[in-house]
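Taking it in order: structure first as structure tokens, then the write-up.
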Amino acid sequence: MAGGVILVGAGPGDPGLFTVRGREVLTQAEVVVYDRLVDPQILALIPQNAIKIDAGKEAGRHPVPQSEINRMLVQYGGMGKRVVRLKGGDPFLFGRGGEELEALAEAGIPFEVVPGVTSALAAPAYGGIPVTHRTFGSSLHIITGHRRRGEPLEIDFEALVRAGGTLVFLMGVASLPEICAGLLAAGLDPNTPAAVIEGGTTPRQRRISAAAGNLAERAAECRVASPAVSVFGPVCALADQLDWFDALPLKGKRIVVTRSENRAGTLSQRLRLLGADVWECPCIRTAPIAPCPRLTEAVEALERYEWVVFTSPAGVEVFWDHLHRRGKDARALGGRCLGAIGPGTAEALKKHGLLADLTPEIYDGAHLGAALAERAGGRVLLPRAAEGGAALTQALERAGIPYDDIPIYRTVYETAEVAALQAAVAAGTVDAVTFTSASTVRGFLAAVGEEADCSKVLGVCIGEQTAAQARQAGIPVIIAEEATIDALIQAAEKAL
């Protein structure tokens with residue numbers, strides 16, 4: 001659609017449930033009007049130059065009235081812009097999507113609809129409850145538990161009880177006592193299995209199971225808060241047996257990922273698949289040194305070197321960019337031996353069609369230097385971070401191997417989420433922090449403050465040098481068996 005409004009369902013909370021079509025149109029949007037419950041990872045897909053309008057609503061608080069939302073959609077849609085109306089769940093299930101399209105149709109604005117996964121199905125599924133089952137329930141009824149201020153619920157409880165299927169109530173936390181009372185008064189057996197699922201499909205999900213007769217009381221005791229889904233019916237008895245989400249090894253554990261922003265994705269995604277509540281808080285950023293005359297000189301005379309050795313994926317990318325700017329490609333490295341400090345760096349080389357000739361068994365500077373000492377005879381080029389450790393160069397010096405240690409990028413410490421991170425560490429709500437280098441430790445400390453008490457935060461470290469930096473700050477640590485992301489994740493699983 002060149003211009004107009006696309007109504008998009010953002011799903012129930014888990015960003016992995018956002019549809020392919022939804023992602024496609026969101027990344028092309030010029031204006032986005034979004035709701036309160038849309039996951040931040042989905043909002044991060046919005047183009048930076050797009051107009052972003054928060055139209056979030058909470059129970060009893062509508063800072064942007066529906067009439068104003070309709071007006072904005074008509075206004076921006078009428079300007080020929082690509083407008084995305086991003087709504088939680090599915091836009092047509094109690095989402096007032098129909099009302100918004102009516103306003104667009106009356107104004108002659110073209111529109112499209114991208115359905116979303118609804119929490120009415122997804123939250124029970126993540127809580128181990130199949131909403132239909134051949135033995136326990138052959139029909140499904142989805143009801144809104146929302147009521148207008150000061151008015152009773154407009155629900156035909158007797159008809160629902162007669163239907164005999166699974167009942168799913170959305171937006172009904174405040175009215176749960178009235179819902180339960182209405183169902184029981186209409187003849188629902190008080191022993192009917194029931195459940196409330198809070199924060200469905202997110203790492204914060206809780207399932208409170210009880211008989212229908214005391215579900216409201218149990219929910220109040222557990223202080224269930226919105227958003228939550230209430231389910232009534234025999235299918236709820238299957239929850240303990242079929243609850244796969246709570247069984248995930250890192251379910252609900254809050255883990256801060258401190259890798260640089262452009263390299264956090266894979267680690268974060270894999271931790272989320274294990275149930276972790278991942279907080280991406282990039283504490284470092286790679287800043288290429290430009291101009292870099294020493295690197296220019298080395299690139300123009302690569303034949304002088306027997307080895308070119310990389311100590312990080314970031315170093316590979318900065319070097320490669322510089323090579324291209326000089327009008328060169330992989331052929332410039334012909335005849336050179338290539339070294340990589342670990343599998344991640346070797347993989348970065350492989351993406352450019354190059355295979356590392358050397359990767360040490362233990363992935364750190366000291367062991368890389370020792371391995372080079374056994375194999376190198378000529379000059380070694382080390383394009384790396386300005387903050388690079390001395391263990392590598394010391395090993396080369398002891399072996400009498402000439403080298404050029406050229407800083408090609410700096411590690412810049414980021415503190416964008418300082419206040420939130422400081423508060424979480426102080427409150428003890430962070431279970432672990434992943435550290436993939438000593439610089440990520442320093443970046444984390446710069447964010448939380450050198451005086452912060454980090455004694456209750458577990459540092460999951462990729463190697464001994466990283467762990468040593470964390471220990472100096474009083475952070476208890478565990479060390480991955482290998483300096484790989486796989487081993488780092490395995491260490492987190494074992495410790496948490």
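Each chain of the structure tokens is named A, B, ... in the order shown, its residues numbered from 1; ligands are numbered from 1 in display order.
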Near-stretch 307-314 of chain A list (7 Å; only C-alpha atoms; drop same-chain fewer than 3 positions) as an mmCIF file with C-alpha atoms, in the first residue's frame:
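around_9.cif, written as the output of this step:
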```
data_model
loop_
_atom_site.group_PDB
_atom_site.id
_atom_site.type_symbol
_atom_site.label_atom_id
_atom_site.label_comp_id
_atom_site.auth_asym_id
_atom_site.auth_seq_id
_atom_site.Cartn_x
_atom_site.Cartn_y
_atom_site.Cartn_z
ATOM 1 C CA GLU A 317 34.400 -5.553 10.533
ATOM 2 C CA VAL A 318 36.358 -2.321 11.096
ATOM 3 C CA ARG A 336 48.751 -14.013 4.638
ATOM 4 C CA CYS A 337 47.993 -16.393 7.495
ATOM 5 C CA LEU A 338 44.917 -15.413 9.509
ATOM 6 C CA GLY A 339 44.486 -15.794 13.262
ATOM 7 C CA ALA A 340 41.303 -15.480 15.340
ATOM 8 C CA ILE A 341 41.035 -15.351 19.105
ATOM 9 C CA GLY A 344 33.040 -15.809 17.050
ATOM 10 C CA THR A 345 35.926 -13.961 15.444
ATOM 11 C CA ALA A 348 33.198 -13.094 11.327
ATOM 12 C CA ARG A 379 55.883 -9.990 11.299
ATOM 13 C CA VAL A 380 52.386 -10.080 12.794
ATOM 14 C CA LEU A 381 49.709 -7.431 12.244
ATOM 15 C CA LEU A 382 47.334 -6.931 15.186
ATOM 16 C CA PRO A 383 44.398 -4.657 14.212
ATOM 17 C CA ARG A 384 42.391 -4.483 17.433
#
```
Just want the 9 Å neighbourhood of A:Gln490, counted on only C-alpha atoms, with same-chain residues fewer than 4 positions away dropped. Output as a short mmCIF file (atom, residue, chain, number, x, y, z; two decimals) with C-alpha atoms, in the first residue's frame.
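The resulting file, result17.cif, is reproduced below:
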```cif
data_model
loop_
_atom_site.label_atom_id
_atom_site.label_comp_id
_atom_site.auth_asym_id
_atom_site.auth_seq_id
_atom_site.Cartn_x
_atom_site.Cartn_y
_atom_site.Cartn_z
CA ALA A 480 31.77 -20.53 30.77
CA GLU A 481 33.66 -23.73 30.07
CA ILE A 485 28.01 -18.06 23.35
CA ASP A 486 26.85 -21.69 23.59
CA LYS A 494 23.37 -24.36 35.38
CA ALA A 495 23.75 -21.41 37.74
#
```
Could you list, as a PyMOL selection string, every residue within 9 Å of stretch 361-369 of chain A, counting only C-alpha atoms and ignoring same-chain residues fewer than 4 positions away? chain A and resi 311+339-343+373-374+388-396+463-465+482-484
So how far away is atom CA of A:Gln205 from atom CA of A:Leu488, in Å? 25.1 Å
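Look at stretch 266-278 of chain A: the protein and nucleic acid residues within 8 Å of it, using only C-alpha atoms and passing over chain neighbours fewer than 3 places away, are Thr202, Pro203, Arg204, Phe245, Asp246, Leu248, Pro249, Leu250, Lys251, Gly252, Lys253, Arg254, Ile255, Val256, Val257, Arg263, Ile485 and Ile489 of chain A.
Computed from the coordinates, the atom CA of A:Gly315 to atom CA of A:Lys351 distance equals 13.6 Å.
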Looking only at the backbone, which of the residues in stretch 245-296 of chain A does DSSP tag as strand (DSSP E or B), as a PyMOL selection string? chain A and resi 254-257+277-280+284-288
Dump as a compact mmCIF listing (two decimals), in the first residue's frame, selection limited to N, CA and C atoms:
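Final file, result-v9.txt:
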```txt
# COMPACT_ATOMS: atom_id res chain seq x y z
N ARG A 254 15.56 -12.65 35.26
CA ARG A 254 15.93 -11.41 34.57
C ARG A 254 17.43 -11.39 34.35
N ILE A 255 17.81 -11.35 33.08
CA ILE A 255 19.22 -11.38 32.71
C ILE A 255 19.52 -10.13 31.88
N VAL A 256 20.50 -9.37 32.32
CA VAL A 256 20.94 -8.20 31.58
C VAL A 256 22.01 -8.63 30.58
N VAL A 257 21.82 -8.27 29.33
CA VAL A 257 22.80 -8.57 28.28
C VAL A 257 23.55 -7.28 27.97
N ASP A 277 13.79 -13.38 31.05
CA ASP A 277 13.34 -12.01 30.89
C ASP A 277 14.59 -11.20 30.57
N VAL A 278 14.85 -11.01 29.28
CA VAL A 278 16.11 -10.40 28.84
C VAL A 278 15.97 -8.89 28.78
N TRP A 279 16.93 -8.22 29.40
CA TRP A 279 17.00 -6.77 29.38
C TRP A 279 18.24 -6.40 28.58
N GLU A 280 18.04 -5.98 27.34
CA GLU A 280 19.18 -5.57 26.53
C GLU A 280 19.60 -4.18 26.96
N ILE A 284 28.44 -1.00 25.92
CA ILE A 284 29.59 -0.57 25.14
C ILE A 284 29.16 -0.39 23.68
N ARG A 285 29.92 0.44 23.00
CA ARG A 285 29.71 0.66 21.58
C ARG A 285 31.06 0.73 20.91
N THR A 286 31.15 0.14 19.73
CA THR A 286 32.39 0.16 18.98
C THR A 286 32.47 1.43 18.16
N ALA A 287 33.55 2.19 18.32
CA ALA A 287 33.74 3.43 17.58
C ALA A 287 35.04 3.33 16.78
N PRO A 288 34.97 3.13 15.46
CA PRO A 288 36.19 3.06 14.65
C PRO A 288 37.04 4.31 14.80
```
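Residues in contact with A:Ser209 at 8 Å, where only C-alpha atoms are counted and same-chain residues fewer than 4 positions away are skipped, are listed as Pro193, Ala194, Ala195, Val196, Leu215 and Cys236 of chain A.
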With C-alpha atoms retained, could you export that selection as a JSON list (two decimals), in the first residue's frame?
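Below is the file that was written, out_7.json:
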```
[["chain", "number", "residue", "atom", "x", "y", "z"],
["A", 193, "PRO", "CA", -11.40, -26.02, 37.07],
["A", 194, "ALA", "CA", -10.40, -22.43, 36.37],
["A", 195, "ALA", "CA", -7.31, -20.28, 36.05],
["A", 196, "VAL", "CA", -6.09, -16.71, 35.75],
["A", 215, "LEU", "CA", -10.73, -18.29, 41.86],
["A", 236, "CYS", "CA", -8.00, -26.09, 32.90]]
```
For A:Cys292, the nearest of the candidates A:Ala174, A:Ala122, A:Ala163, A:Ile408, counting only C-alpha atoms: A:Ile408
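The smallest atom-to-atom distance between A:Thr436 and any of A:Ala423, A:Cys461, A:Val448, A:Ala216, using only C-alpha atoms, is found for A:Cys461.
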Enumerate the residues of stretch 371-490 of chain A with a DSSP assignment of helix (DSSP H, G or I), computed from the backbone, and present them as a ChimeraX atom specification. /A:371-375,391-398,418-427,438-448,464-472,485-490
What is the atom CA of A:Arg325 to atom CA of A:Gln48 distance in Å? 26.7 Å
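Among the candidate residues A:Ser437, A:Asp90, A:Thr429, A:Arg21, the one lying nearest to A:Lys456 is A:Thr429, with distances computed using only C-alpha atoms.
Within 9 Å of A:Val38, once only C-alpha atoms are used and residues closer than 6 positions along the same chain are dropped, the contacting residues are Ala10, Gly11, Pro12, Gly13, Pro15, Leu86, Lys87, Gly88 and Gly89 of chain A.
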What's the 9 Å shell around A:Glu100, counting only C-alpha atoms, without same-chain residues fewer than 6 positions away, as number ranges by chain? A: 7, 66-67, 69-70, 73
Among A:Gln241, A:Ala159, A:Val113, A:Glu300, A:Gly97 is approached most closely, using only C-alpha atoms, by A:Val113
